[in-house]
There are 2 protein chains.
Amino acid sequence: MSDVRWLSTQEQRTWRSFMTAVTKLTEHLDRQLQRDSRMPVAYYEILVALSEAPARAMRMSELAAVCHSSRSRLSHAVARLEKEGWVARRACPSDRRGSIAELTRAGFAALEAAAPGHVTAVREHLFDVLTPEQLSQLDVICRAVDEGLSTECAKVREELGDF
Amino acid sequence: MSDVRWLSTQEQRTWRSFMTAVTKLTEHLDRQLQRDSRMPVAYYEILVALSEAPARAMRMSELAAVCHSSRSRLSHAVARLEKEGWVARRACPSDRRGSIAELTRAGFAALEAAAPGHVTAVREHLFDVLTPEQLSQLDVICRAVDEGLSTECAKVREELGDF
DNA sequence: TGGGTTTGGTTGAACTCTCAACCGAACATA
DNA sequence: TATGTTCGGTTGAGAGTTCAACCAAACCCA
């Protein structure tokens, strides 16, 4: 099918500035957190999710959903966090297949230590460079993109099962 | 320093919707391209950059700059693309340290084959879900973020040398 | 009760990325 | 010409992600 709707010059410019900004920002944040707190952003978000959960514990699958992570990725990640002593896994009493990830004291401390630097970086490179108006625009835009993807992702999830 | 400027509730919401949208979008695009054309988006962009260069060839360091990639990453990536037969490396005549990456016929064909699916995915999940107004807002926003980062990145580049 | 299917989760291999170390060529300076 | 530094690029190890395969528990239904 050659009836592809190619991008206009302007659209290409927008796409490239989007890609550039996103990759630079995520790389910067990842580098900052890795350097200062020895964890990638993805792991930080796992700790955040756990810290906000009741009893600072969550079923693995629920945690995966909250973090928009595949089961597999989360399993590997939690294994690493466990080795670090930041998370502990225990069996789920109500479902013997399940397992529960729990934030340890050390994990909470690590999160507390990491948070200031990370939040500062986010503020500095996103919130501080945009007007309040732009921030609310960005919020609306991201929700629209997310919405458009979640219908699609639901489809994928149906077909492939594992996400 | 406990004088961290934490995020307000609204800011947290914006940040999360941003992260969600970005990670979902990039993962979706990566999965599409990997599934249909056996290459990650980063490699696709390398091929695009080469295809747009005069003689479809470029110095490695220039290519790295255009792709916002580290030298190391590019070196690994080109090695893989070379194994695939999509890119060839040859010595630079004017600087014997240098090497030049060149898009092969097969590489150009692979790019042509990959482009429709990728562009369609981008259009479908970004351009089609936003109004023209929102697209131009997004463009401005991304340029501001990029701007804010490039001063920072310049600093990092100075300190660490290798990016 | 038994057999097939789905669900929750883990595992290992292949791949990509990062970081630091390294090498030879180019350049600067004396 | 000799030497120290910078530049362009590669390499290997370690870490994270993906994908497919797998296992056991739970569920479904005859």
# chains A, B, ... in the order shown; residues from 1 in each chain; ligands from 1
$ calpha_fit_and_write --fixed "chain B" --moving "chain A" --output "CSV table (one decimal) with C-alpha atoms, in the first residue's frame"
chain,number,residue,atom,x,y,z
A,1,MET,CA,19.7,20.8,51.2
A,2,SER,CA,16.1,20.4,52.1
A,3,ASP,CA,15.0,23.5,50.2
A,4,VAL,CA,13.9,21.3,47.3
A,5,ARG,CA,11.0,22.8,45.3
A,6,TRP,CA,8.8,19.7,45.3
A,7,LEU,CA,6.1,19.3,42.7
A,8,SER,CA,2.6,20.4,43.4
A,9,THR,CA,-0.3,18.0,43.0
A,10,GLN,CA,-1.1,19.5,39.6
A,11,GLU,CA,2.6,19.3,38.6
A,12,GLN,CA,2.8,15.7,39.6
A,13,ARG,CA,-0.3,15.0,37.5
A,14,THR,CA,1.3,16.7,34.5
A,15,TRP,CA,4.6,14.9,35.1
A,16,ARG,CA,2.9,11.5,35.3
A,17,SER,CA,0.8,12.0,32.2
A,18,PHE,CA,3.9,13.1,30.4
A,19,MET,CA,5.9,10.1,31.4
A,20,THR,CA,3.1,7.7,30.7
A,21,ALA,CA,2.4,9.1,27.2
A,22,VAL,CA,6.1,9.2,26.3
A,23,THR,CA,6.9,5.7,27.5
A,24,LYS,CA,3.8,4.2,25.9
A,25,LEU,CA,4.4,6.0,22.6
A,26,THR,CA,8.1,5.1,22.3
A,27,GLU,CA,7.5,1.5,23.3
A,28,HIS,CA,4.7,1.2,20.8
A,29,LEU,CA,6.8,2.6,18.0
A,30,ASP,CA,9.7,0.5,18.9
A,31,ARG,CA,7.6,-2.6,19.0
A,32,GLN,CA,6.0,-1.9,15.7
A,33,LEU,CA,9.4,-1.3,13.9
A,34,GLN,CA,11.0,-4.2,15.6
A,35,ARG,CA,8.2,-6.5,14.7
A,36,ASP,CA,7.7,-5.4,11.1
A,37,SER,CA,11.3,-4.4,10.1
A,38,ARG,CA,13.6,-6.0,12.6
A,39,MET,CA,15.1,-2.8,13.8
A,40,PRO,CA,14.7,-0.5,16.8
A,41,VAL,CA,13.7,3.1,16.2
A,42,ALA,CA,17.2,4.3,17.1
A,43,TYR,CA,18.6,2.3,14.1
A,44,TYR,CA,15.9,3.5,11.8
A,45,GLU,CA,16.9,7.1,12.6
A,46,ILE,CA,20.5,6.3,11.8
A,47,LEU,CA,19.4,5.0,8.4
A,48,VAL,CA,17.3,8.1,7.9
A,49,ALA,CA,20.2,10.4,8.7
A,50,LEU,CA,22.5,8.6,6.3
A,51,SER,CA,19.9,8.5,3.5
A,52,GLU,CA,19.6,12.3,3.7
A,53,ALA,CA,23.3,13.0,3.7
A,54,PRO,CA,25.2,13.7,0.5
A,55,ALA,CA,26.3,10.5,-1.1
A,56,ARG,CA,24.4,8.8,1.7
A,57,ALA,CA,27.5,8.8,3.8
A,58,MET,CA,28.7,10.6,6.9
A,59,ARG,CA,31.6,10.7,9.3
A,60,MET,CA,30.8,8.7,12.4
A,61,SER,CA,31.1,11.7,14.8
A,62,GLU,CA,28.9,13.8,12.6
A,63,LEU,CA,26.4,11.0,12.5
A,64,ALA,CA,26.5,10.7,16.2
A,65,ALA,CA,25.8,14.4,16.6
A,66,VAL,CA,22.8,14.3,14.2
A,67,CYS,CA,21.4,11.3,16.0
A,68,HIS,CA,22.0,12.7,19.5
A,69,SER,CA,23.9,9.5,20.2
A,70,SER,CA,27.1,8.9,22.1
A,71,ARG,CA,30.1,7.8,20.0
A,72,SER,CA,30.0,4.4,21.8
A,73,ARG,CA,26.4,3.8,21.1
A,74,LEU,CA,26.7,4.7,17.4
A,75,SER,CA,29.8,2.5,17.1
A,76,HIS,CA,27.9,-0.5,18.4
A,77,ALA,CA,24.9,0.3,16.4
A,78,VAL,CA,26.8,0.7,13.1
A,79,ALA,CA,28.6,-2.6,13.8
A,80,ARG,CA,25.2,-4.2,14.0
A,81,LEU,CA,23.9,-2.4,10.9
A,82,GLU,CA,27.0,-3.5,9.1
A,83,LYS,CA,26.5,-7.1,10.0
A,84,GLU,CA,23.0,-6.7,8.6
A,85,GLY,CA,24.5,-5.4,5.3
A,86,TRP,CA,22.7,-2.1,5.6
A,87,VAL,CA,25.7,0.1,6.3
A,88,ALA,CA,29.3,-0.1,5.2
A,89,ARG,CA,32.3,1.5,6.9
A,90,ARG,CA,35.3,2.9,5.1
A,91,ALA,CA,38.3,4.9,6.0
A,92,CYS,CA,38.2,8.7,5.8
A,93,PRO,CA,40.8,10.0,3.3
A,94,SER,CA,41.3,13.4,4.9
A,95,ASP,CA,41.7,12.2,8.5
A,96,ARG,CA,43.2,8.8,9.1
A,97,ARG,CA,41.6,8.6,12.5
A,98,GLY,CA,38.1,9.0,11.0
A,99,SER,CA,35.8,6.5,9.6
A,100,ILE,CA,32.8,7.0,7.3
A,101,ALA,CA,29.5,5.2,7.5
A,102,GLU,CA,27.7,4.7,4.2
A,103,LEU,CA,24.2,3.5,3.5
A,104,THR,CA,24.2,0.5,1.2
A,105,ARG,CA,21.6,-0.3,-1.5
A,106,ALA,CA,20.3,-3.0,0.8
A,107,GLY,CA,20.2,-0.5,3.7
A,108,PHE,CA,18.2,2.0,1.6
A,109,ALA,CA,15.8,-0.7,0.5
A,110,ALA,CA,15.4,-1.7,4.2
A,111,LEU,CA,14.6,1.9,5.0
A,112,GLU,CA,12.1,2.2,2.2
A,113,ALA,CA,10.4,-1.0,3.4
A,114,ALA,CA,10.3,0.2,7.0
A,115,ALA,CA,9.2,3.8,6.4
A,116,PRO,CA,5.5,3.3,5.6
A,117,GLY,CA,4.7,1.4,8.7
A,118,HIS,CA,6.7,3.6,11.0
A,119,VAL,CA,5.3,6.9,9.6
A,120,THR,CA,1.8,5.4,9.7
A,121,ALA,CA,2.3,4.6,13.4
A,122,VAL,CA,3.6,8.0,14.2
A,123,ARG,CA,0.7,9.7,12.4
A,124,GLU,CA,-1.8,7.5,13.9
A,125,HIS,CA,-0.7,7.9,17.5
A,126,LEU,CA,0.6,11.4,17.5
A,127,PHE,CA,-0.6,13.6,14.7
A,128,ASP,CA,-4.1,12.1,14.4
A,129,VAL,CA,-4.9,12.5,18.1
A,130,LEU,CA,-3.9,16.2,18.3
A,131,THR,CA,-5.4,19.3,16.7
A,132,PRO,CA,-3.2,21.5,14.6
A,133,GLU,CA,-3.2,24.0,17.4
A,134,GLN,CA,-1.9,21.4,19.8
A,135,LEU,CA,0.7,20.3,17.4
A,136,SER,CA,2.1,23.8,17.1
A,137,GLN,CA,2.0,24.1,20.9
A,138,LEU,CA,3.9,20.8,21.2
A,139,ASP,CA,6.5,22.0,18.8
A,140,VAL,CA,7.1,25.2,20.8
A,141,ILE,CA,7.2,23.2,24.1
A,142,CYS,CA,9.7,20.7,22.8
A,143,ARG,CA,11.9,23.4,21.4
A,144,ALA,CA,11.9,25.1,24.8
A,145,VAL,CA,12.8,21.9,26.6
A,146,ASP,CA,15.5,21.1,24.1
A,147,GLU,CA,16.9,24.6,24.5
A,148,GLY,CA,17.0,24.2,28.2
A,149,LEU,CA,18.8,20.9,28.0
A,150,SER,CA,21.3,21.8,25.3
A,151,THR,CA,22.9,24.5,27.6
A,152,GLU,CA,23.0,21.8,30.3
A,153,CYS,CA,24.3,19.2,28.0
A,154,ALA,CA,27.0,21.5,26.7
A,155,LYS,CA,28.2,21.8,30.3
A,156,VAL,CA,28.2,18.0,30.8
A,157,ARG,CA,30.0,17.6,27.5
A,158,GLU,CA,32.6,19.9,28.7
A,159,GLU,CA,33.1,18.1,31.9
A,160,LEU,CA,32.9,14.5,30.8
A,161,GLY,CA,34.1,14.8,27.3
A,162,ASP,CA,32.3,11.9,25.8
A,163,PHE,CA,28.7,12.2,24.6
$ select_by_dssp --residues "range 70-141 of chain B" --states "alpha helix (DSSP H)" --output "number ranges by chain"
B: 71-83, 105-125, 132-141
$ write_last_selection --atoms "C-alpha atoms" --output "PDB file, in the first residue's frame"
ATOM      1  CA  ARG B  71      30.106   7.798  19.992  1.00  0.00           C
ATOM      2  CA  SER B  72      30.048   4.471  21.729  1.00  0.00           C
ATOM      3  CA  ARG B  73      26.388   3.804  21.079  1.00  0.00           C
ATOM      4  CA  LEU B  74      26.752   4.718  17.449  1.00  0.00           C
ATOM      5  CA  SER B  75      29.782   2.510  17.072  1.00  0.00           C
ATOM      6  CA  HIS B  76      27.908  -0.495  18.411  1.00  0.00           C
ATOM      7  CA  ALA B  77      24.844   0.327  16.362  1.00  0.00           C
ATOM      8  CA  VAL B  78      26.767   0.714  13.122  1.00  0.00           C
ATOM      9  CA  ALA B  79      28.544  -2.554  13.815  1.00  0.00           C
ATOM     10  CA  ARG B  80      25.190  -4.238  14.002  1.00  0.00           C
ATOM     11  CA  LEU B  81      23.854  -2.453  10.917  1.00  0.00           C
ATOM     12  CA  GLU B  82      27.004  -3.485   9.094  1.00  0.00           C
ATOM     13  CA  LYS B  83      26.485  -7.106  10.036  1.00  0.00           C
ATOM     14  CA  ARG B 105      21.621  -0.313  -1.446  1.00  0.00           C
ATOM     15  CA  ALA B 106      20.236  -2.991   0.825  1.00  0.00           C
ATOM     16  CA  GLY B 107      20.139  -0.489   3.652  1.00  0.00           C
ATOM     17  CA  PHE B 108      18.231   2.008   1.575  1.00  0.00           C
ATOM     18  CA  ALA B 109      15.826  -0.728   0.534  1.00  0.00           C
ATOM     19  CA  ALA B 110      15.341  -1.726   4.175  1.00  0.00           C
ATOM     20  CA  LEU B 111      14.612   1.887   5.028  1.00  0.00           C
ATOM     21  CA  GLU B 112      12.104   2.201   2.201  1.00  0.00           C
ATOM     22  CA  ALA B 113      10.425  -0.946   3.393  1.00  0.00           C
ATOM     23  CA  ALA B 114      10.298   0.210   6.998  1.00  0.00           C
ATOM     24  CA  ALA B 115       9.205   3.795   6.451  1.00  0.00           C
ATOM     25  CA  PRO B 116       5.510   3.367   5.608  1.00  0.00           C
ATOM     26  CA  GLY B 117       4.714   1.370   8.715  1.00  0.00           C
ATOM     27  CA  HIS B 118       6.696   3.653  10.972  1.00  0.00           C
ATOM     28  CA  VAL B 119       5.284   6.886   9.566  1.00  0.00           C
ATOM     29  CA  THR B 120       1.788   5.473   9.725  1.00  0.00           C
ATOM     30  CA  ALA B 121       2.279   4.579  13.380  1.00  0.00           C
ATOM     31  CA  VAL B 122       3.612   8.046  14.168  1.00  0.00           C
ATOM     32  CA  ARG B 123       0.744   9.711  12.368  1.00  0.00           C
ATOM     33  CA  GLU B 124      -1.844   7.478  13.929  1.00  0.00           C
ATOM     34  CA  HIS B 125      -0.691   7.903  17.507  1.00  0.00           C
ATOM     35  CA  PRO B 132      -3.173  21.534  14.562  1.00  0.00           C
ATOM     36  CA  GLU B 133      -3.227  24.005  17.413  1.00  0.00           C
ATOM     37  CA  GLN B 134      -1.940  21.401  19.845  1.00  0.00           C
ATOM     38  CA  LEU B 135       0.747  20.307  17.409  1.00  0.00           C
ATOM     39  CA  SER B 136       2.152  23.776  17.164  1.00  0.00           C
ATOM     40  CA  GLN B 137       2.004  24.093  20.953  1.00  0.00           C
ATOM     41  CA  LEU B 138       3.862  20.813  21.247  1.00  0.00           C
ATOM     42  CA  ASP B 139       6.477  22.016  18.811  1.00  0.00           C
ATOM     43  CA  VAL B 140       7.099  25.174  20.829  1.00  0.00           C
ATOM     44  CA  ILE B 141       7.180  23.246  24.087  1.00  0.00           C
TER      45      ILE B 141
END
$ closest_residue --among "C:DC22, C:DC17, C:DG3, C:DG9" --to "DT10 in chain D" --atoms "only C-alpha atoms (C1' of nucleotides)"
C:DC22
$ interface_residues --of "chain D" --to "chain B" --cutoff "9 Å" --atoms "only C-alpha atoms (C1' of nucleotides)" --output "ChimeraX atom specification"
/D:7-10
$ write_last_selection --atoms "N, CA and C atoms (P, O5', C5', C4', C3', O3' and C1' of nucleotides)" --output "PDB file, in the first residue's frame"
ATOM      1  P    DC D   7      39.636  18.324  21.763  1.00  0.00           P
ATOM      2  O5'  DC D   7      39.691  17.226  20.601  1.00  0.00           O
ATOM      3  C5'  DC D   7      40.527  17.447  19.485  1.00  0.00           C
ATOM      4  C4'  DC D   7      40.383  16.298  18.499  1.00  0.00           C
ATOM      5  C3'  DC D   7      38.955  15.752  18.400  1.00  0.00           C
ATOM      6  O3'  DC D   7      38.631  15.624  17.024  1.00  0.00           O
ATOM      7  C1'  DC D   7      40.471  13.996  18.899  1.00  0.00           C
ATOM      8  P    DG D   8      37.174  15.168  16.601  1.00  0.00           P
ATOM      9  O5'  DG D   8      37.391  13.642  16.226  1.00  0.00           O
ATOM     10  C5'  DG D   8      38.111  13.306  15.051  1.00  0.00           C
ATOM     11  C4'  DG D   8      38.006  11.821  14.811  1.00  0.00           C
ATOM     12  C3'  DG D   8      36.575  11.281  14.865  1.00  0.00           C
ATOM     13  O3'  DG D   8      36.385  10.407  13.769  1.00  0.00           O
ATOM     14  C1'  DG D   8      37.925  10.142  16.458  1.00  0.00           C
ATOM     15  P    DG D   9      34.956   9.752  13.538  1.00  0.00           P
ATOM     16  O5'  DG D   9      35.170   8.379  14.314  1.00  0.00           O
ATOM     17  C5'  DG D   9      36.262   7.545  13.922  1.00  0.00           C
ATOM     18  C4'  DG D   9      36.440   6.429  14.919  1.00  0.00           C
ATOM     19  C3'  DG D   9      35.194   5.602  15.221  1.00  0.00           C
ATOM     20  O3'  DG D   9      35.268   4.413  14.418  1.00  0.00           O
ATOM     21  C1'  DG D   9      36.626   5.931  17.130  1.00  0.00           C
ATOM     22  P    DT D  10      34.274   3.198  14.672  1.00  0.00           P
ATOM     23  O5'  DT D  10      35.027   2.356  15.801  1.00  0.00           O
ATOM     24  C5'  DT D  10      36.378   1.982  15.572  1.00  0.00           C
ATOM     25  C4'  DT D  10      36.878   1.097  16.703  1.00  0.00           C
ATOM     26  C3'  DT D  10      35.986  -0.121  17.007  1.00  0.00           C
ATOM     27  O3'  DT D  10      36.836  -1.262  17.029  1.00  0.00           O
ATOM     28  C1'  DT D  10      36.449   1.099  18.998  1.00  0.00           C
TER      29       DT D  10
END
$ select_by_dssp --residues "range 16-152 of chain A" --states "strand (DSSP E)" --output "MDAnalysis selection string"
chainID A and resid 57:59 87:91 99:103
$ write_last_selection --atoms "N, CA and C atoms" --output "JSON list (two decimals), in the first residue's frame"
[["chain", "number", "residue", "atom", "x", "y", "z"],
["A", 57, "ALA", "N", 3.39, -2.13, 49.98],
["A", 57, "ALA", "CA", 3.50, -3.45, 49.35],
["A", 57, "ALA", "C", 2.45, -3.57, 48.26],
["A", 58, "MET", "N", 2.77, -4.36, 47.24],
["A", 58, "MET", "CA", 1.84, -4.50, 46.13],
["A", 58, "MET", "C", 2.06, -5.84, 45.43],
["A", 59, "ARG", "N", 0.98, -6.38, 44.89],
["A", 59, "ARG", "CA", 1.09, -7.56, 44.05],
["A", 59, "ARG", "C", 1.92, -7.23, 42.82],
["A", 87, "VAL", "N", 13.89, -3.91, 48.16],
["A", 87, "VAL", "CA", 12.56, -4.51, 48.04],
["A", 87, "VAL", "C", 12.67, -5.95, 48.52],
["A", 88, "ALA", "N", 11.59, -6.45, 49.12],
["A", 88, "ALA", "CA", 11.56, -7.87, 49.50],
["A", 88, "ALA", "C", 10.32, -8.51, 48.87],
["A", 89, "ARG", "N", 10.46, -9.76, 48.50],
["A", 89, "ARG", "CA", 9.31, -10.46, 47.93],
["A", 89, "ARG", "C", 8.80, -11.49, 48.92],
["A", 90, "ARG", "N", 7.47, -11.56, 49.03],
["A", 90, "ARG", "CA", 6.90, -12.63, 49.86],
["A", 90, "ARG", "C", 5.68, -13.20, 49.16],
["A", 91, "ALA", "N", 5.29, -14.38, 49.59],
["A", 91, "ALA", "CA", 4.17, -15.07, 48.94],
["A", 91, "ALA", "C", 2.86, -14.35, 49.24],
["A", 99, "SER", "N", 2.85, -13.18, 44.02],
["A", 99, "SER", "CA", 3.88, -12.77, 44.96],
["A", 99, "SER", "C", 3.77, -11.27, 45.18],
["A", 100, "ILE", "N", 4.19, -10.87, 46.35],
["A", 100, "ILE", "CA", 4.00, -9.49, 46.79],
["A", 100, "ILE", "C", 5.35, -8.83, 46.97],
["A", 101, "ALA", "N", 5.50, -7.68, 46.35],
["A", 101, "ALA", "CA", 6.73, -6.92, 46.51],
["A", 101, "ALA", "C", 6.52, -5.87, 47.60],
["A", 102, "GLU", "N", 7.50, -5.74, 48.45],
["A", 102, "GLU", "CA", 7.36, -4.85, 49.61],
["A", 102, "GLU", "C", 8.60, -3.97, 49.72],
["A", 103, "LEU", "N", 8.36, -2.69, 49.89],
["A", 103, "LEU", "CA", 9.48, -1.76, 50.05],
["A", 103, "LEU", "C", 10.09, -1.93, 51.44]]
$ residues_around --residues "DG4 in chain D" --least-positions-apart "5" --cutoff "12 Å" --atoms "only C-alpha atoms (C1' of nucleotides)" --output "tab-separated table (two decimals) with N, CA and C atoms (P, O5', C5', C4', C3', O3' and C1' of nucleotides), in the first residue's frame"
chain	number	residue	atom	x	y	z
C	27	DC	P	45.60	18.10	12.18
C	27	DC	O5'	46.00	18.88	13.51
C	27	DC	C5'	45.14	18.83	14.64
C	27	DC	C4'	45.90	19.28	15.88
C	27	DC	C3'	46.83	20.48	15.67
C	27	DC	O3'	46.51	21.47	16.61
C	27	DC	C1'	47.91	18.79	16.89
C	28	DA	P	46.98	23.02	16.40
C	28	DA	O5'	47.50	23.45	17.85
C	28	DA	C5'	47.16	22.70	18.99
C	28	DA	C4'	48.28	22.73	20.00
C	28	DA	C3'	49.23	23.94	19.87
C	28	DA	O3'	49.44	24.49	21.17
C	28	DA	C1'	50.48	21.94	19.85
C	29	DT	P	50.03	25.97	21.39
C	29	DT	O5'	51.03	25.77	22.63
C	29	DT	C5'	51.28	24.47	23.14
C	29	DT	C4'	52.76	24.17	23.24
C	29	DT	C3'	53.69	25.38	22.97
C	29	DT	O3'	54.38	25.68	24.18
C	29	DT	C1'	54.48	23.40	21.92
C	30	DA	P	55.47	26.87	24.28
C	30	DA	O5'	56.81	26.04	24.43
C	30	DA	C5'	56.85	24.89	25.28
C	30	DA	C4'	58.11	24.13	24.97
C	30	DA	C3'	59.36	25.02	24.85
C	30	DA	O3'	60.45	24.45	25.54
C	30	DA	C1'	59.10	23.71	22.90
$ closest_residue --among "C:DG24, C:DT1, C:DC19, C:DA14" --to "chain A" --atoms "only C-alpha atoms (C1' of nucleotides)"
C:DC19
$ interface_residues --of "chain C" --to "chain B" --cutoff "12 Å" --atoms "only C-alpha atoms (C1' of nucleotides)" --output "MDAnalysis selection string"
chainID C and resid 15:20 23:26
$ atom_distance --atom1 "C1' of DT6 in chain D" --atom2 "C1' of DA21 in chain C"
16.4 Å
